[in-house]
Amino acid sequence: MVWLALLSILTTATAMPVTAQDTRALGDDPAMHYFDFWEGTWHQVVGGKVDTTRTVFQVRRDVHRAAFVERWRLVIDSATTLHATALRAWDKMTRRWMYTWISDNGLYQVWEGRQVGPHWYIYREFDVQGDRYLSRQAWIPNGPNRLVRTSERSDDGGRTWQTRFREEYERRTTSLQ
């Protein structure tokens, strides 16, 4: 009889929905519009001019109006070019932008979005051979069809930041090669 009661409990439990997904519509939080400018092909600007030999990334909207797929060609130096795919999307449950990065050299990174003033940054902790630090990046609109990408590092848990790099990009109609 005990096994019959146990079977009944297991059958009832497996018949119940096991998902904790929120099936309500996306909604319209004002912060989810931050990247409305984002779609297009962005080329790195060097010396005030677009340099098609440098980093370029292409962005398209995906499963909803605040979800994007990014395809990257990052020129690291004359001998190293990386290709990557990223997902950037608004999470209505946490009310923040999230970011996932996958590259052809085997990186898989999940970054947490945080708003800093009017802009959205992505944050991730790193430990590179004992060098522990907090990293953050932002893509900040800088006029029509322009943006600034900034990467910063903190060695004190985010109290102070040092710029790792600052790059400018311009949206063009060309595609990745």
# chains A, B, ... in the order shown; residues from 1 in each chain; ligands from 1
>>> select_by_dssp(residues="chain A", states="helix (DSSP H, G or I)", output="number ranges by chain")
A: 2-15, 30-33
>>> closest_residue(among="A:Arg153, A:Val45, A:Arg65, A:Trp97", to="Val110 in chain A", atoms="only C-alpha atoms")
A:Trp97
>>> select_by_dssp(residues="chain A", states="strand (DSSP E or B)", output="PyMOL selection string")
chain A and resi 40-46+49-50+56-61+67-77+80-91+96-103+108-116+119-128+131-141+146-154+162-172
>>> write_last_selection(atoms="C-alpha atoms", output="compact mmCIF listing (two decimals), in the first residue's frame")
# COMPACT_ATOMS: atom_id res chain seq x y z
CA GLY A 40 22.79 47.94 -37.45
CA THR A 41 26.42 47.39 -38.39
CA TRP A 42 28.96 49.25 -36.28
CA HIS A 43 32.53 49.94 -37.46
CA GLN A 44 35.39 51.11 -35.30
CA VAL A 45 36.44 54.73 -35.79
CA VAL A 46 40.17 55.49 -35.63
CA LYS A 49 37.44 57.96 -39.68
CA VAL A 50 35.80 54.56 -40.04
CA VAL A 56 33.09 45.54 -36.59
CA PHE A 57 29.88 44.10 -35.16
CA GLN A 58 26.43 43.58 -36.59
CA VAL A 59 23.29 43.78 -34.44
CA ARG A 60 19.78 42.58 -35.24
CA ARG A 61 16.64 42.37 -33.16
CA ALA A 67 16.42 41.33 -27.51
CA PHE A 68 19.39 41.45 -29.85
CA VAL A 69 21.82 39.05 -31.49
CA GLU A 70 25.28 40.48 -32.12
CA ARG A 71 27.91 39.05 -34.50
CA TRP A 72 31.41 40.33 -33.83
CA ARG A 73 34.71 40.39 -35.72
CA LEU A 74 37.28 41.69 -33.23
CA VAL A 75 40.67 42.64 -34.59
CA ILE A 76 43.03 42.22 -31.64
CA ASP A 77 46.27 42.84 -33.55
CA THR A 80 44.72 37.85 -34.19
CA THR A 81 41.08 38.22 -35.19
CA LEU A 82 38.31 36.75 -33.05
CA HIS A 83 34.74 36.01 -34.06
CA ALA A 84 31.95 35.96 -31.50
CA THR A 85 28.21 35.88 -31.06
CA ALA A 86 26.48 37.72 -28.23
CA LEU A 87 22.96 37.95 -26.91
CA ARG A 88 21.83 41.17 -25.28
CA ALA A 89 18.32 41.27 -23.86
CA TRP A 90 16.07 42.98 -21.37
CA ASP A 91 15.03 40.69 -18.51
CA ARG A 96 17.96 44.83 -16.23
CA TRP A 97 19.88 44.29 -19.45
CA MET A 98 21.79 41.01 -19.54
CA TYR A 99 24.59 39.91 -21.87
CA THR A 100 26.02 36.57 -22.98
CA TRP A 101 29.20 36.25 -25.04
CA ILE A 102 30.49 33.19 -26.96
CA SER A 103 33.72 33.39 -28.96
CA TYR A 108 31.51 31.65 -22.73
CA GLN A 109 30.72 34.62 -20.52
CA VAL A 110 27.57 35.80 -18.80
CA TRP A 111 27.54 39.46 -17.81
CA GLU A 112 25.10 41.17 -15.45
CA GLY A 113 23.56 44.48 -16.48
CA ARG A 114 23.60 47.44 -14.07
CA GLN A 115 22.44 50.97 -14.64
CA VAL A 116 25.02 53.68 -13.90
CA HIS A 119 23.64 54.35 -19.06
CA TRP A 120 23.64 50.55 -18.91
CA TYR A 121 26.88 48.71 -18.18
CA ILE A 122 27.60 44.99 -18.09
CA TYR A 123 29.61 43.61 -15.15
CA ARG A 124 31.60 40.42 -14.67
CA GLU A 125 34.24 39.21 -12.21
CA PHE A 126 37.43 37.71 -13.60
CA ASP A 127 40.23 35.61 -12.17
CA VAL A 128 42.96 35.34 -14.79
CA ASP A 131 44.68 38.34 -11.18
CA ARG A 132 41.21 38.98 -9.73
CA TYR A 133 39.22 42.04 -10.79
CA LEU A 134 35.76 43.33 -11.61
CA SER A 135 35.21 44.37 -15.21
CA ARG A 136 32.50 46.53 -16.71
CA GLN A 137 31.71 47.70 -20.22
CA ALA A 138 29.23 50.09 -21.77
CA TRP A 139 28.10 51.10 -25.24
CA ILE A 140 27.04 54.71 -24.89
CA PRO A 141 25.20 56.60 -27.65
CA ARG A 146 27.78 57.00 -33.20
CA LEU A 147 28.65 55.33 -29.92
CA VAL A 148 31.48 55.00 -27.44
CA ARG A 149 32.46 51.57 -26.13
CA THR A 150 34.27 51.74 -22.83
CA SER A 151 35.84 48.98 -20.75
CA GLU A 152 36.90 49.56 -17.17
CA ARG A 153 38.53 47.53 -14.42
CA SER A 154 38.20 47.71 -10.65
CA GLN A 162 40.50 52.43 -14.33
CA THR A 163 39.84 52.68 -18.07
CA ARG A 164 41.09 49.62 -19.97
CA PHE A 165 40.08 50.99 -23.36
CA ARG A 166 37.73 53.48 -24.97
CA GLU A 167 36.68 53.02 -28.61
CA GLU A 168 34.39 54.91 -30.94
CA TYR A 169 32.05 53.27 -33.46
CA GLU A 170 29.90 54.46 -36.32
CA ARG A 171 26.87 52.72 -37.80
CA ARG A 172 27.23 51.93 -41.51
